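S.K.: Shown below is the structure under consideration.
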Amino acid sequence: MKNKCIAQIAIVLALASRTGAGPQQMSGSVSPPVLGFVPDGSSNLRPLIGVAGAAFVGPAVDLGFEFLQTAVASGQGYVLAIAGDAKRAVWLQVRGDGMAAHSLDMRECGEMDEMSGVVWERKRTRCDRQTIEGIDRIALSSTGSAAALLQGSTGRIYIFTGLSQSPVFARVIDTGGRDSVSVFAVTDDAQRVAFALSDGERGSLFLSAGHELPRPIGSLPHPSSIQFLRGSEAAIVADDMEDRIYSLSNGQLYALATAENGIAGPVALAVSTNNRRVFVANGRSGSVTILDVAGAAPVTVECHCSPKGLYPTSTDSVFRLTEFSGGPVVLFDASVEPSRMTFAPAGRLDFASLPNRLAGMK
């Protein structure tokens, strides 16, 4: 019991040495491990505090503005949000004492001639910043090192890199499909973007590499999710009309799983850190199907819920399935064998009484 409870907290010891012959001083602080963040429907984020199997939803973090959507990266120390009526893209840097908000701007630089009187003397570099608005959806790469932002009204996808330290605008892709991009994804190195255009009954999958024009890959009824493997150009594609999962490799689509393997209305995809397992959230059956790329039989785990996505946490192969509306949040834990569903109820940890609680454990 004692070891289990101690595993729920992270003890960070800071060592500071004094100059001279005096003894070293040691100061300690107790801070809880954070699995990630979940929006609460009131323009607040709430931390998921604890570890898989022993976590709870913490108190709200007021961001100071209303947001329409958030995207949380696994262990990258940031959150992306779509803010306000203008639907601006905002980068929230997670700090020990809170979050710092910065707008994601498109920064373009070029050389221009500088004139003195009537003589063109030299060239100088000029950089222009343009705030990006009208963003409808956000997609993070598998590790969270890159992000793609969809401006649905224009069909443009804006790509950013360096999100763990300082976001850098990379390029913009014109999909040619206003209000018809069903899903999209970006590789960790931001060099490739996959997206699908669909009218709800017929769809087409495209791939954009570097600054090349997007090229068609294949036709699917309704692509519902795309996820690149970690550090790879290969991707996984889901279609929720035909209940199929595809592997996208070298510009070709290969069938990976069907309804016979437990696929039922796939709404989201995710991959394990080693790329050996693919996780499929099934909206129609309320379950998660685990596909082994090595060929082992698929395994389906029931959640008895309506999964909204496979949102990554700070722990490999642990994902949040549902939103927070006052009740418990459902977590899917594939870091253990067998895989399981766990719940994170709303609550709080009383740190003032923590030393006494630990001392009294048997």
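Residues are named by chain letter and number: chains run A, B, ... in the order of the structure tokens, numbers start at 1 in each chain, and ligands are numbered from 1 in the order shown.
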Near A:Ser285, counting only C-alpha atoms, which residues have an atom at most 10 Å away, once you skip same-chain residues fewer than 2 positions from it, shown as a list in words?
M.R.: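 Listing them by chain and then by number gives Gly262, Ile263, Ala264, Gly265, Pro266, Ala281, Asn282, Gly283, Ser287, Val288, Glu302, Cys303, His304, Cys305, Ser306 and Pro307 of chain A.
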S.K.: Generate the output file for the selected residues, N, CA and C atoms, as a tab-separated table (two decimals), in the first residue's frame.
M.R.:
chain	number	residue	atom	x	y	z
A	262	GLY	N	-12.77	-6.10	-35.38
A	262	GLY	CA	-13.28	-5.26	-34.29
A	262	GLY	C	-13.39	-3.80	-34.63
A	263	ILE	N	-13.11	-3.39	-35.88
A	263	ILE	CA	-13.21	-1.99	-36.27
A	263	ILE	C	-14.68	-1.63	-36.46
A	264	ALA	N	-15.15	-0.60	-35.74
A	264	ALA	CA	-16.56	-0.22	-35.80
A	264	ALA	C	-16.70	1.29	-35.61
A	265	GLY	N	-16.69	2.01	-36.73
A	265	GLY	CA	-16.81	3.47	-36.66
A	265	GLY	C	-15.59	4.12	-36.05
A	266	PRO	N	-14.39	3.92	-36.63
A	266	PRO	CA	-13.16	4.48	-36.04
A	266	PRO	C	-13.18	6.01	-36.04
A	281	ALA	N	-9.71	3.94	-31.80
A	281	ALA	CA	-10.89	4.22	-30.97
A	281	ALA	C	-12.13	4.04	-31.83
A	282	ASN	N	-13.01	3.13	-31.43
A	282	ASN	CA	-14.23	2.82	-32.19
A	282	ASN	C	-15.43	3.53	-31.58
A	283	GLY	N	-15.98	4.49	-32.33
A	283	GLY	CA	-17.09	5.27	-31.81
A	283	GLY	C	-18.39	4.49	-31.74
A	287	SER	N	-15.19	1.17	-27.91
A	287	SER	CA	-14.07	0.28	-27.58
A	287	SER	C	-12.79	0.81	-28.22
A	288	VAL	N	-11.67	0.18	-27.86
A	288	VAL	CA	-10.37	0.46	-28.49
A	288	VAL	C	-9.81	-0.86	-28.99
A	302	GLU	N	-13.22	-3.11	-24.33
A	302	GLU	CA	-14.46	-2.32	-24.22
A	302	GLU	C	-14.26	-1.20	-23.21
A	303	CYS	N	-14.83	-0.03	-23.53
A	303	CYS	CA	-14.77	1.07	-22.57
A	303	CYS	C	-16.16	1.46	-22.06
A	304	HIS	N	-17.23	0.95	-22.72
A	304	HIS	CA	-18.59	1.30	-22.34
A	304	HIS	C	-18.74	2.82	-22.25
A	305	CYS	N	-18.19	3.49	-23.24
A	305	CYS	CA	-18.24	4.95	-23.30
A	305	CYS	C	-18.35	5.36	-24.76
A	306	SER	N	-18.41	6.65	-24.99
A	306	SER	CA	-18.40	7.19	-26.35
A	306	SER	C	-17.07	7.90	-26.56
A	307	PRO	N	-16.05	7.20	-27.06
A	307	PRO	CA	-14.72	7.82	-27.19
A	307	PRO	C	-14.76	9.00	-28.15
S.K.: Can you tell me which residues surround A:Lys87 at a distance of at most 7 Å, considering only C-alpha atoms, apart from same-chain residues fewer than 4 positions away, and format the answer as JSON, numbers by chain?
M.R.: {"A": [82, 83, 133, 134, 135]}
S.K.: List as a ChimeraX atom specification the protein and nucleic acid residues near A:Ala190, meaning an atom at most 8 Å away when only C-alpha atoms are counted, but skip any in the same chain fewer than 5 places from it.
M.R.: /A:146-147,159-161,170
S.K.: Any chance you could export the current selection's C-alpha atoms as an mmCIF file, in the first residue's frame?
M.R.:
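Result saved to out.cif:
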data_model
loop_
_atom_site.group_PDB
_atom_site.id
_atom_site.type_symbol
_atom_site.label_atom_id
_atom_site.label_comp_id
_atom_site.auth_asym_id
_atom_site.auth_seq_id
_atom_site.Cartn_x
_atom_site.Cartn_y
_atom_site.Cartn_z
ATOM 1 C CA ALA A 146 5.217 19.687 -35.386
ATOM 2 C CA ALA A 147 1.656 20.911 -35.825
ATOM 3 C CA ILE A 159 2.628 24.021 -40.656
ATOM 4 C CA PHE A 160 4.714 24.891 -37.573
ATOM 5 C CA THR A 161 7.813 23.275 -36.087
ATOM 6 C CA ALA A 170 7.371 26.352 -41.899
#
S.K.: Nearest residue to A:Gly231 out of A:Ser142, A:Gln165, A:Thr300, A:Thr315, using only C-alpha atoms?
M.R.: A:Ser142
S.K.: Taking 3 positions as the minimum chain separation for residues in the same chain, which residues sit within 10 Å of stretch 196-209 of chain A when counting only C-alpha atoms? Answer as a count of residues only.
M.R.: 40
S.K.: Could you pull out the strand (DSSP E or B) residues of stretch 37-193 of chain A from DSSP and send them as a PyMOL selection string?
M.R.: chain A and resi 37-39+44-51+54-57+61-62+67-72+78-83+88-95+98-103+105-116+119-131+137-140+146-151+156-161+168-174+181-186+192-193
S.K.: Which neighbours of A:Val79 fall inside 10 Å, counting only C-alpha atoms, when residues of the same chain fewer than 5 positions from it are skipped, and could you give them as a list in words?
M.R.: Gly36, Phe37, Leu45, Thr70, Ala71, Val72, Ala73, Ser74, Val90, Trp91, Leu92, Gln93, Val94, Met99, Ala101, Gly144, Leu163 and Ser164 of chain A
S.K.: Quick one: pull the distance between atom CA of A:Thr258 and atom CA of A:Asp243, Å, one decimal.
M.R.: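 Between these atoms lies a distance of 5.8 Å.
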S.K.: Using only C-alpha atoms, which of the listed residues (A:Ala344, A:Ala334, A:Val278, A:Leu140) sits closest to A:Ala54?
M.R.: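 Ranked by minimum distance to A:Ala54, first place goes to A:Ala344.
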S.K.: Separation of atom CA of A:Ala194 and atom CA of A:Ile236, in Å?
M.R.: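 Computed distance, atom CA of A:Ala194 to atom CA of A:Ile236, equals 10.3 Å.
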S.K.: Find, counting only C-alpha atoms, the residue in A:Met106, A:Leu229, A:Ala257, A:Ile132 that gets nearest to A:Glu242.
M.R.: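 Between A:Met106, A:Leu229, A:Ala257, A:Ile132, the residue approaching A:Glu242 most closely is A:Ala257.
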S.K.: May I ask for the distance between atom CA of A:Ala270 and atom CA of A:Pro32, given in Å to one decimal place?
M.R.: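 It comes out at 26.0 Å.
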S.K.: Using only C-alpha atoms, which residue out of A:Arg46, A:Val299, A:Val172, A:Phe279 lies closest to A:Pro338?
M.R.: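 Smallest separation from A:Pro338 among the options: A:Val299.
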